[in-house]
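Novice: final-v8.cif (mmCIF, C-alpha atoms and all ligand atoms) pasted underneath:
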```cif
data_start
#
loop_
_atom_site.label_atom_id
_atom_site.label_comp_id
_atom_site.auth_asym_id
_atom_site.auth_seq_id
_atom_site.Cartn_x
_atom_site.Cartn_y
_atom_site.Cartn_z
CA MET A 1 164.14 -80.00 91.95
CA THR A 2 162.90 -77.70 94.70
CA ARG A 3 164.09 -74.12 94.61
CA PRO A 4 167.77 -74.58 95.35
CA THR A 5 168.50 -71.36 97.22
CA ALA A 6 169.70 -72.09 100.74
CA ILE A 7 171.56 -70.66 103.69
CA THR A 8 174.12 -72.83 105.46
CA ILE A 9 175.24 -71.85 108.96
CA ASP A 10 178.52 -73.35 110.10
CA LEU A 11 178.33 -73.58 113.88
CA ASP A 12 181.94 -74.75 114.22
CA HIS A 13 183.05 -71.56 112.50
CA LEU A 14 180.87 -69.59 114.90
CA ARG A 15 182.62 -71.24 117.85
CA HIS A 16 186.04 -70.68 116.25
CA ASN A 17 185.30 -66.96 115.87
CA PHE A 18 184.00 -66.75 119.40
CA ARG A 19 187.18 -68.31 120.78
CA LEU A 20 189.24 -65.89 118.73
CA ALA A 21 187.27 -62.96 120.17
CA GLN A 22 187.86 -64.37 123.63
CA THR A 23 191.60 -64.67 123.05
CA LEU A 24 191.81 -61.12 121.71
CA HIS A 25 189.64 -59.51 124.35
CA GLY A 26 190.01 -61.55 127.51
CA GLY A 27 187.61 -61.06 130.41
CA HIS A 28 183.98 -61.86 129.80
CA LEU A 29 182.18 -61.84 126.48
CA LEU A 30 178.56 -61.25 125.59
CA ALA A 31 177.82 -62.79 122.21
CA VAL A 32 175.65 -60.26 120.39
CA VAL A 33 172.77 -62.17 118.81
CA LYS A 34 170.35 -59.31 118.11
CA ALA A 35 168.42 -59.22 114.84
CA ASN A 36 168.17 -63.01 114.83
CA ALA A 37 171.94 -63.28 115.26
CA TYR A 38 172.54 -61.00 112.26
CA GLY A 39 170.41 -63.35 110.18
CA HIS A 40 172.15 -66.49 111.47
CA GLN A 41 169.24 -67.73 113.68
CA ALA A 42 169.52 -66.54 117.25
CA VAL A 43 168.39 -69.69 119.05
CA SER A 44 170.71 -72.02 117.14
CA CYS A 45 173.66 -69.69 117.51
CA ALA A 46 173.01 -69.14 121.21
CA ARG A 47 172.80 -72.89 121.76
CA ALA A 48 175.99 -73.44 119.83
CA LEU A 49 177.76 -70.87 122.03
CA GLY A 50 176.06 -72.01 125.23
CA LYS A 51 179.19 -73.50 126.77
CA LEU A 52 181.54 -70.74 125.63
CA ALA A 53 179.79 -67.42 126.09
CA ASP A 54 179.37 -65.61 129.40
CA GLY A 55 176.09 -64.19 128.19
CA PHE A 56 174.23 -62.80 125.21
CA ALA A 57 173.17 -59.35 124.06
CA VAL A 58 170.04 -58.51 122.11
CA ALA A 59 168.15 -55.34 121.18
CA THR A 60 164.66 -56.09 122.41
CA LEU A 61 162.76 -57.83 125.17
CA GLU A 62 161.10 -60.05 122.55
CA GLU A 63 164.49 -61.21 121.27
CA ALA A 64 165.53 -62.05 124.82
CA LEU A 65 162.31 -63.95 125.54
CA GLN A 66 162.83 -66.03 122.42
CA LEU A 67 166.13 -67.20 123.93
CA ARG A 68 164.57 -67.82 127.34
CA ARG A 69 161.78 -69.88 125.73
CA ALA A 70 164.52 -71.96 124.14
CA THR A 71 165.76 -72.61 127.71
CA ILE A 72 168.87 -70.49 127.34
CA ARG A 73 169.72 -69.45 130.87
CA LEU A 74 172.86 -67.36 130.56
CA PRO A 75 172.70 -63.61 131.29
CA ILE A 76 171.08 -61.60 128.51
CA VAL A 77 171.74 -57.87 128.19
CA LEU A 78 169.12 -55.69 126.49
CA LEU A 79 171.32 -53.22 124.60
CA GLU A 80 168.55 -50.71 123.98
CA GLY A 81 167.13 -51.05 127.46
CA LEU A 82 163.45 -50.88 128.31
CA PHE A 83 160.99 -49.22 125.96
CA GLU A 84 158.22 -48.85 128.54
CA ALA A 85 157.66 -49.31 132.27
CA ALA A 86 155.73 -52.54 131.74
CA GLU A 87 158.87 -54.20 130.40
CA LEU A 88 160.64 -53.84 133.75
CA PRO A 89 158.80 -56.59 135.68
CA GLU A 90 159.03 -58.87 132.63
CA ALA A 91 162.75 -58.29 132.35
CA ILE A 92 163.20 -59.08 136.02
CA ALA A 93 160.98 -62.14 135.91
CA HIS A 94 163.13 -63.57 133.12
CA GLY A 95 166.44 -62.60 134.65
CA LEU A 96 167.31 -60.12 131.90
CA THR A 97 169.72 -57.22 132.21
CA PRO A 98 168.45 -54.01 130.62
CA VAL A 99 170.93 -51.24 129.91
CA PHE A 100 169.71 -48.01 131.51
CA HIS A 101 170.40 -45.04 129.27
CA THR A 102 167.67 -42.45 130.02
CA ALA A 103 166.39 -40.69 133.13
CA GLN A 104 162.93 -42.03 132.33
CA GLN A 105 164.14 -45.62 132.53
CA LEU A 106 165.68 -44.87 135.93
CA ASP A 107 162.35 -43.36 137.02
CA TRP A 108 160.64 -46.63 136.12
CA LEU A 109 163.20 -48.38 138.27
CA ALA A 110 162.66 -45.91 141.14
CA GLN A 111 158.91 -46.52 141.02
CA ASP A 112 159.34 -50.25 141.48
CA PRO A 113 160.93 -50.77 144.89
CA THR A 114 161.06 -54.55 144.45
CA ALA A 115 163.02 -54.35 141.18
CA SER A 116 166.55 -55.61 141.60
CA PHE A 117 169.39 -56.61 139.34
CA ASP A 118 172.51 -58.55 140.02
CA ALA A 119 174.47 -55.74 138.40
CA LEU A 120 173.02 -52.55 136.99
CA TRP A 121 174.18 -51.66 133.48
CA ILE A 122 174.40 -47.94 132.75
CA LYS A 123 175.24 -46.53 129.36
CA VAL A 124 177.61 -43.60 129.07
CA ASP A 125 177.58 -41.46 125.94
CA THR A 126 181.19 -40.89 124.94
CA GLY A 127 180.52 -39.16 121.65
CA MET A 128 178.19 -41.30 119.56
CA HIS A 129 175.27 -39.12 120.74
CA ARG A 130 172.78 -41.89 120.26
CA LEU A 131 172.07 -43.51 123.62
CA GLY A 132 173.50 -42.89 127.06
CA PHE A 133 173.97 -40.40 129.86
CA PRO A 134 176.46 -37.55 129.45
CA PRO A 135 179.67 -38.54 131.27
CA GLN A 136 179.41 -35.62 133.71
CA ASP A 137 176.05 -36.93 134.98
CA ILE A 138 177.36 -40.35 135.93
CA PRO A 139 178.98 -39.72 139.35
CA GLU A 140 175.84 -38.17 140.81
CA LEU A 141 173.64 -40.81 139.26
CA VAL A 142 175.78 -43.59 140.67
CA GLU A 143 175.68 -42.06 144.13
CA ARG A 144 171.88 -41.82 143.98
CA LEU A 145 171.51 -45.44 142.89
CA TYR A 146 173.91 -46.49 145.61
CA ARG A 147 172.15 -44.63 148.41
CA GLN A 148 168.54 -44.96 147.30
CA ARG A 149 168.57 -48.42 145.76
CA GLY A 150 171.46 -50.07 147.48
CA ILE A 151 173.16 -50.74 144.13
CA ARG A 152 176.59 -52.24 144.79
CA ARG A 153 177.49 -53.64 141.38
CA LEU A 154 177.56 -51.51 138.30
CA THR A 155 178.68 -51.97 134.73
CA LEU A 156 179.40 -48.82 132.80
CA MET A 157 178.99 -49.45 129.12
CA THR A 158 179.85 -47.30 126.15
CA HIS A 159 179.81 -47.78 122.40
CA PHE A 160 182.33 -46.05 120.13
CA ALA A 161 181.11 -44.05 117.18
CA HIS A 162 184.18 -45.23 115.21
CA ALA A 163 183.10 -48.82 115.67
CA ASP A 164 184.95 -50.38 112.75
CA GLY A 165 188.26 -50.34 114.60
CA GLN A 166 190.05 -48.20 112.04
CA HIS A 167 190.30 -44.86 113.79
CA PRO A 168 192.41 -45.27 116.93
CA GLN A 169 193.01 -41.52 117.10
CA ALA A 170 189.25 -40.96 117.34
CA LEU A 171 189.22 -42.95 120.58
CA GLU A 172 191.32 -40.51 122.52
CA GLN A 173 188.41 -38.35 123.55
CA PRO A 174 185.91 -41.08 124.46
CA LEU A 175 188.53 -42.93 126.46
CA GLN A 176 189.53 -39.77 128.31
CA GLN A 177 185.88 -39.11 129.13
CA LEU A 178 185.52 -42.60 130.44
CA GLN A 179 188.65 -42.34 132.57
CA ARG A 180 187.39 -39.08 133.99
CA VAL A 181 184.09 -40.71 134.92
CA LEU A 182 185.82 -43.64 136.61
CA HIS A 183 188.10 -41.32 138.55
CA SER A 184 185.34 -39.01 139.65
CA LEU A 185 183.08 -41.67 141.11
CA PRO A 186 182.52 -40.97 144.79
CA PRO A 187 184.34 -43.36 147.13
CA LEU A 188 181.46 -45.61 148.15
CA PRO A 189 182.23 -48.68 150.25
CA ASP A 190 181.70 -52.03 148.51
CA LEU A 191 180.86 -50.43 145.18
CA GLN A 192 182.15 -52.62 142.38
CA VAL A 193 182.36 -51.00 138.95
CA LYS A 194 182.99 -52.90 135.74
CA THR A 195 183.14 -51.66 132.17
CA SER A 196 181.96 -52.82 128.76
CA LEU A 197 183.53 -51.04 125.81
CA CYS A 198 184.40 -53.17 122.82
CA ASN A 199 182.34 -54.32 119.87
CA SER A 200 183.96 -56.32 117.05
CA GLY A 201 185.79 -53.39 115.53
CA ALA A 202 187.34 -52.42 118.85
CA ILE A 203 188.31 -56.02 119.60
CA LEU A 204 189.97 -56.34 116.18
CA GLY A 205 191.39 -52.86 115.77
CA TYR A 206 192.01 -51.31 119.20
CA PRO A 207 194.04 -53.86 121.15
CA ALA A 208 194.92 -51.29 123.81
CA VAL A 209 191.26 -50.79 124.66
CA ARG A 210 189.64 -53.45 126.76
CA GLY A 211 186.92 -53.61 129.39
CA ASP A 212 185.48 -56.32 131.61
CA TRP A 213 182.77 -57.34 129.16
CA GLY A 214 183.38 -57.47 125.40
CA ARG A 215 180.38 -57.31 123.06
CA PRO A 216 181.38 -58.89 119.74
CA GLY A 217 178.69 -59.19 117.11
CA LEU A 218 179.73 -59.18 113.46
CA MET A 219 183.09 -60.87 114.01
CA LEU A 220 181.38 -63.90 115.52
CA TYR A 221 179.75 -64.41 112.15
CA GLY A 222 183.14 -64.32 110.50
CA VAL A 223 183.14 -60.82 109.07
CA ASP A 224 185.57 -58.04 109.91
CA PRO A 225 183.62 -54.76 110.07
CA ALA A 226 186.44 -53.04 108.15
CA ALA A 227 186.35 -55.55 105.28
CA PRO A 228 186.83 -55.48 102.40
CA THR A 229 188.71 -52.18 102.49
CA VAL A 230 191.46 -53.60 104.72
CA PRO A 231 193.00 -57.06 104.48
CA GLN A 232 191.48 -59.42 107.03
CA ARG A 233 193.02 -58.60 110.41
CA GLN A 234 192.36 -61.97 112.06
CA PRO A 235 191.62 -65.48 110.77
CA LEU A 236 187.85 -65.23 111.03
CA GLN A 237 185.83 -67.98 109.38
CA PRO A 238 182.63 -67.00 107.57
CA VAL A 239 179.65 -68.63 109.24
CA MET A 240 177.03 -68.11 106.57
CA THR A 241 177.05 -69.40 103.01
CA LEU A 242 174.26 -68.38 100.66
CA THR A 243 174.07 -70.82 97.80
CA SER A 244 171.90 -71.69 94.83
CA ARG A 245 172.14 -73.29 91.42
CA ILE A 246 171.80 -72.13 87.83
CA THR A 247 168.23 -73.00 86.86
CA ALA A 248 168.06 -71.65 83.30
CA ILE A 249 170.29 -70.39 80.52
CA ASN A 250 169.27 -67.60 78.22
CA GLN A 251 171.07 -66.94 74.93
CA VAL A 252 171.16 -63.19 74.48
CA PRO A 253 172.11 -61.89 71.03
CA PRO A 254 174.19 -58.70 70.69
CA GLY A 255 172.02 -55.62 71.13
CA ALA A 256 169.43 -57.43 73.26
CA SER A 257 169.17 -56.81 76.98
CA VAL A 258 168.67 -58.76 80.19
CA GLY A 259 166.20 -58.09 82.99
CA TYR A 260 164.18 -55.10 84.13
CA GLY A 261 164.91 -51.74 82.61
CA ALA A 262 167.36 -53.16 80.06
CA LEU A 263 170.20 -52.27 82.40
CA PHE A 264 172.47 -54.76 80.65
CA THR A 265 172.72 -54.83 76.89
CA ALA A 266 174.78 -57.56 75.27
CA THR A 267 177.68 -56.45 73.10
CA ARG A 268 178.46 -60.03 72.08
CA PRO A 269 176.48 -63.29 72.03
CA THR A 270 175.92 -63.73 75.75
CA ARG A 271 174.98 -66.81 77.78
CA ALA A 272 173.01 -65.47 80.72
CA GLY A 273 172.70 -67.88 83.64
CA ILE A 274 169.64 -67.44 85.83
CA VAL A 275 170.09 -67.80 89.60
CA PRO A 276 166.88 -68.12 91.66
CA CYS A 277 167.86 -65.63 94.34
CA GLY A 278 166.62 -62.06 94.42
CA TYR A 279 165.91 -59.17 96.71
CA ALA A 280 162.98 -60.96 98.33
CA ASP A 281 165.55 -63.46 99.57
CA GLY A 282 167.73 -60.63 100.82
CA TYR A 283 170.20 -60.37 97.95
CA PRO A 284 170.53 -56.59 97.52
CA ARG A 285 168.75 -55.00 94.57
CA SER A 286 171.39 -52.29 94.70
CA ALA A 287 174.14 -54.75 93.73
CA ARG A 288 175.99 -53.25 90.81
CA GLN A 289 176.55 -55.06 87.54
CA GLY A 290 179.85 -56.84 87.83
CA THR A 291 179.26 -57.90 91.44
CA PRO A 292 181.05 -61.24 91.68
CA VAL A 293 179.05 -64.46 91.90
CA LEU A 294 180.79 -67.81 92.21
CA VAL A 295 179.50 -70.36 89.70
CA GLY A 296 181.24 -73.69 89.85
CA GLU A 297 184.79 -72.61 90.64
CA VAL A 298 184.83 -69.29 88.84
CA ARG A 299 183.83 -65.76 89.70
CA VAL A 300 181.44 -64.43 87.10
CA PRO A 301 179.82 -60.99 86.92
CA LEU A 302 176.25 -60.15 87.82
CA ILE A 303 174.47 -58.65 84.82
CA GLY A 304 171.26 -56.60 84.69
CA ARG A 305 169.05 -55.63 87.60
CA VAL A 306 168.58 -58.00 90.54
CA SER A 307 164.86 -58.81 90.56
CA MET A 308 162.62 -60.00 93.35
CA ASP A 309 163.20 -63.72 92.94
CA MET A 310 166.22 -64.08 90.68
CA LEU A 311 169.33 -62.55 89.23
CA SER A 312 171.43 -63.12 86.11
CA VAL A 313 175.11 -63.77 85.59
CA ASP A 314 177.28 -63.78 82.48
CA LEU A 315 178.48 -67.32 81.72
CA SER A 316 179.65 -66.57 78.17
CA ASP A 317 183.29 -67.43 78.86
CA TYR A 318 182.48 -70.71 80.61
CA PRO A 319 180.64 -73.12 78.34
CA HIS A 320 181.12 -75.91 80.88
CA LEU A 321 178.82 -74.08 83.32
CA GLY A 322 175.09 -74.40 82.84
CA VAL A 323 171.84 -75.58 84.35
CA GLY A 324 172.57 -77.25 87.67
CA SER A 325 175.95 -75.59 88.25
CA PRO A 326 176.39 -74.68 91.92
CA VAL A 327 176.34 -71.01 92.87
CA GLU A 328 177.74 -69.21 95.90
CA LEU A 329 176.28 -65.74 96.37
CA TRP A 330 178.41 -65.23 99.46
CA GLY A 331 180.34 -67.41 101.85
CA SER A 332 183.97 -68.42 102.09
CA ARG A 333 184.94 -67.64 98.51
CA ILE A 334 182.87 -64.53 97.86
CA SER A 335 182.74 -62.53 101.06
CA VAL A 336 179.51 -60.89 102.08
CA ALA A 337 181.57 -57.74 102.66
CA GLU A 338 182.58 -57.72 99.01
CA VAL A 339 178.98 -58.06 97.87
CA ALA A 340 177.99 -55.32 100.32
CA GLN A 341 180.64 -53.01 98.93
CA ASN A 342 179.28 -53.63 95.43
CA ALA A 343 175.81 -52.72 96.70
CA ASP A 344 176.91 -49.54 98.52
CA THR A 345 176.10 -50.99 101.89
CA ILE A 346 177.71 -52.97 104.70
CA ALA A 347 177.76 -56.68 105.51
CA TYR A 348 175.63 -56.08 108.61
CA GLU A 349 172.68 -55.01 106.48
CA LEU A 350 172.90 -57.88 104.00
CA LEU A 351 173.18 -60.53 106.70
CA CYS A 352 170.19 -59.38 108.69
CA HIS A 353 167.97 -58.96 105.64
CA LEU A 354 168.00 -62.61 104.67
CA GLN A 355 164.70 -64.40 104.52
CA ARG A 356 162.78 -67.06 102.62
CA ALA A 357 165.69 -69.37 101.85
CA ALA A 358 165.84 -72.61 103.84
CA VAL A 359 168.45 -72.68 106.61
CA HIS A 360 170.77 -75.66 107.14
CA TYR A 361 173.38 -76.14 109.80
CA ARG A 362 176.82 -77.61 109.54
CA GLU A 363 178.95 -78.80 112.45
CA ALA A 364 181.26 -81.67 113.26
CA HIS A 365 179.34 -84.87 113.99
CA ASP A 366 181.13 -85.37 117.27
CA SER A 367 179.98 -81.98 118.49
CA THR A 368 179.05 -81.82 122.14
CA GLN A 369 176.39 -79.28 121.28
CA PRO A 370 173.65 -81.15 119.44
CA LEU A 371 170.88 -79.01 118.02
CA GLU A 372 167.41 -79.71 119.26
C1 LIG B 1 175.23 -54.26 117.90
C2 LIG B 1 176.04 -53.80 119.02
C3 LIG B 1 177.29 -54.41 119.30
C4 LIG B 1 177.93 -55.43 118.38
O1 LIG B 1 178.55 -54.70 117.36
P1 LIG B 1 179.44 -55.39 116.23
O2 LIG B 1 179.98 -54.25 115.47
O3 LIG B 1 178.50 -56.22 115.43
O4 LIG B 1 180.45 -56.20 116.92
C5 LIG B 1 177.96 -54.01 120.44
N1 LIG B 1 177.46 -53.04 121.25
C6 LIG B 1 176.29 -52.42 121.00
C7 LIG B 1 175.79 -51.37 121.92
C8 LIG B 1 175.55 -52.76 119.87
O5 LIG B 1 174.40 -52.14 119.62
#
```
What would the structure in this file look like if it were written as structure tokens?
Specialist:
Amino acid sequence: MTRPTAITIDLDHLRHNFRLAQTLHGGHLLAVVKANAYGHQAVSCARALGKLADGFAVATLEEALQLRRATIRLPIVLLEGLFEAAELPEAIAHGLTPVFHTAQQLDWLAQDPTASFDALWIKVDTGMHRLGFPPQDIPELVERLYRQRGIRRLTLMTHFAHADGQHPQALEQPLQQLQRVLHSLPPLPDLQVKTSLCNSGAILGYPAVRGDWGRPGLMLYGVDPAAPTVPQRQPLQPVMTLTSRITAINQVPPGASVGYGALFTATRPTRAGIVPCGYADGYPRSARQGTPVLVGEVRVPLIGRVSMDMLSVDLSDYPHLGVGSPVELWGSRISVAEVAQNADTIAYELLCHLQRAAVHYREAHDSTQPLE
């Protein structure tokens, strides 16, 4: 058999999660498909959401151009904006929407009198202190863009530092800052101002906070950013399943060890099952022993160190499991958030580190969104 490690992407689940985000947020939604749609394949996901989403959001010009080359024509917001002046004409030529978050980026815009955008996206820093203009600078900046560039449509975007949706009290200050900005904008005729505030955590955890454009990422892929420490807040459906099969069994006598560095030493006769999935596939090397792996229908513990191309599990209690038994590393029965917690990281990181394994898609045969 060929190496049985594979990634399955369920596009119906993706659409289900998108609809849920839409119901919870209202208004318009940008589906965030940066980092290759968090490892879920940006082009396929964007196509699958083509009739539902109001637009997409990515981190880089290159990510946006990949979607344009795949003939995806919806608006695409560049969340990190432009990295150099030369990206401005390219962004305009491809109908992209960069977020402006530095004075230098606005200088590039000022130096190109032909540059125009349907709506200008400006990022306001409400306490993350990563990207964005200080709130007190916004009114003057808006007035300048209005008078000098004839900007009539603006979207003010902010991103909350407490982005997992678990700290409503931490939103008081950023929301106040935002309100103050909106109230202190000069009264300029015909100026239309929209807002974009919520990522997945805010959509799931801060129902009182909404803007005109939501920006869900992780939840579209079926993962609650607060999982697994809180019970699932909404019926999200996991989009990705990482599967494999047991390819070898090793009988380990008591006192002998398994894998690099003898991290696991058997205290009883142990049947170690070998799974051909390792950190080169994106399964985290930091996964602790005891991290659950589904073999057949049972959760068994990871033993020893995860190596580059494989990992080991303890099958001693399940003699009916052996070579050929199906394995789920994460998916609907072992959540990626649970594996992440066992590896001292977050689901975001595991999902976007996947590579090497073949990718398959699953969707209903009567889908109106065939893949090309
Ligand atoms: C990545 C990103 C998002 C999506 O965040 P999730 O937590 O995955 O929903 C939203 N807004 C900005 C600015 C981002 O960088």
Novice: Could you build a table of the residues in chain A lying no more than 6 Å from ligand LIG 1 (chain B), giving for each the nearest pair of atoms and their separation in Å rounded to one decimal place, using all atoms listed in the file, ordered by chain and ascending residue number, as CSV?
Specialist:
```
residue,atom,partner,partner_atom,distance
A:Val32,CA,B:LIG1,C4,5.7
A:Leu79,CA,B:LIG1,C7,5.5
A:His159,CA,B:LIG1,C7,5.4
A:Asn199,CA,B:LIG1,O4,4.0
A:Ser200,CA,B:LIG1,O4,3.5
A:Gly201,CA,B:LIG1,O2,5.9
A:Arg215,CA,B:LIG1,C5,4.9
A:Pro216,CA,B:LIG1,O4,4.0
A:Gly217,CA,B:LIG1,O3,3.4
A:Leu218,CA,B:LIG1,O3,3.8
```
Novice: If you measure from atom CA of Cys45 of chain A to atom CA of Asp224 of chain A, what distance in Å do you get, rounded to one decimal?
Specialist: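 Going from atom CA of Cys45 of chain A over to atom CA of Asp224 of chain A covers 18.3 Å.
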Novice: With a distance cut-off of 10 Å and all atoms listed in the file, select the neighbouring residues of Thr60 of chain A, excluding the residue or stretch itself and same-chain residues fewer than 4 positions from it, and output the selection as a list in words.
Specialist: Lys34, Ala35, Ala64, Leu65, Val77, Leu78, Leu79, Glu80, Gly81, Leu82, Phe83 and Pro98 of chain A
Novice: What separation in Å, quoted to one decimal, exists between atom CA of Arg305 of chain A and atom CA of Leu263 of chain A?
Specialist: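 Separating atom CA of Arg305 of chain A from atom CA of Leu263 of chain A is a distance of 6.3 Å.
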Novice: If I take atom CA of Pro168 of chain A and atom CA of Ser332 of chain A, how far is one from the other in Å, to one decimal?
Specialist: 28.8 Å
Novice: Give as a list in words each residue that has an atom at most 12 Å from (169.4, -45.8, 116.1) in the file, counting only C-alpha atoms.
Specialist: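 The answer, in the requested form, is Ala59, Leu79, Glu80, Met128, His129, Arg130, Leu131 and Ala161 of chain A.
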Novice: Using only C-alpha atoms, which protein or nucleic acid residues come within 9 Å of Ile92 of chain A? Drop anything in the same chain fewer than 3 positions from it, and give the result as number ranges by chain.
Specialist: A: 87-89, 95-97, 115-117
Novice: Can you list, as a PyMOL selection string, every protein, DNA or RNA residue that comes within 8 Å of Cys198 of chain A when you count only C-alpha atoms, leaving out same-chain residues fewer than 5 positions away?
Specialist: chain A and resi 159-160+203+209-211+213-216
Novice: Could you tell me, as a PyMOL selection string, which residues have any atom at most 10 Å from (184.1, -76.3, 88.7), counting all atoms listed in the file?
Specialist: chain A and resi 294-298+318+320-321+325-326
Novice: Can you work out which one of A:Gln104, A:Thr243, A:Val359, A:Gly27 has the shortest atom-to-atom distance to Lys194 of chain A, counting only C-alpha atoms?
Specialist: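 Among the listed residues, the smallest separation from Lys194 of chain A belongs to A:Gly27.
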Novice: Excluding Val336 of chain A and its own-chain neighbours fewer than 2 positions away, which residues fall within 12 Å of it when counting only C-alpha atoms? Please give them as a ChimeraX atom specification.
Specialist: /A:218,221-225,227-228,237-242,282-284,287,291-293,328-334,338-343,345-352,354
Novice: Between A:Pro189, A:Pro75, A:Gly259, A:Gly150, which is the closest to His94 of chain A once you count only C-alpha atoms?
Specialist: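 Ranked by minimum distance to His94 of chain A, first place goes to A:Pro75.
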Novice: Just checking: using all atoms listed in the file, which residue out of A:Leu182, A:Leu74, A:Ala272, A:Val99 ends up closest to Asp54 of chain A?
Specialist: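 The answer is A:Leu74, which sits nearest to Asp54 of chain A.
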Novice: Find, counting only C-alpha atoms, the residue in A:Glu143, A:Gln22, A:Phe133, A:Gly255 that gets nearest to Pro187 of chain A.
Specialist: A:Glu143
Novice: Taking into account all atoms listed in the file, which residue in the set A:Ala37, A:Met308, A:Ala48, A:Ala337 is nearest to Asp10 of chain A?
Specialist: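 Ranking A:Ala37, A:Met308, A:Ala48, A:Ala337 by distance to Asp10 of chain A, first place goes to A:Ala48.
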Novice: Residues near Leu49 of chain A, anyone? I mean within 10 Å using only C-alpha atoms, not counting same-chain ones fewer than 3 positions away, as a VMD selection string.
Specialist: chain A and resid 11 to 12 14 to 15 18 to 19 31 43 to 46 52 to 56 369
Novice: Restricting the calculation to all atoms listed in the file, which member of A:Ala163, A:Val313, A:Val258, A:Leu120 is positioned closest to Pro301 of chain A?
Specialist: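 Result for the nearest residue to Pro301 of chain A: A:Val313.
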Novice: Using all atoms of segment 47-62 of chain A listed in the file and a margin of 5 Å per side, can you give the axis-aligned box centre and edge lengths in Å to one decimal, as AutoDock Vina command-line options?
Specialist:
```
--center_x 171.3 --center_y -64.4 --center_z 124.6 --size_x 30.4 --size_y 28.2 --size_z 19.6
```
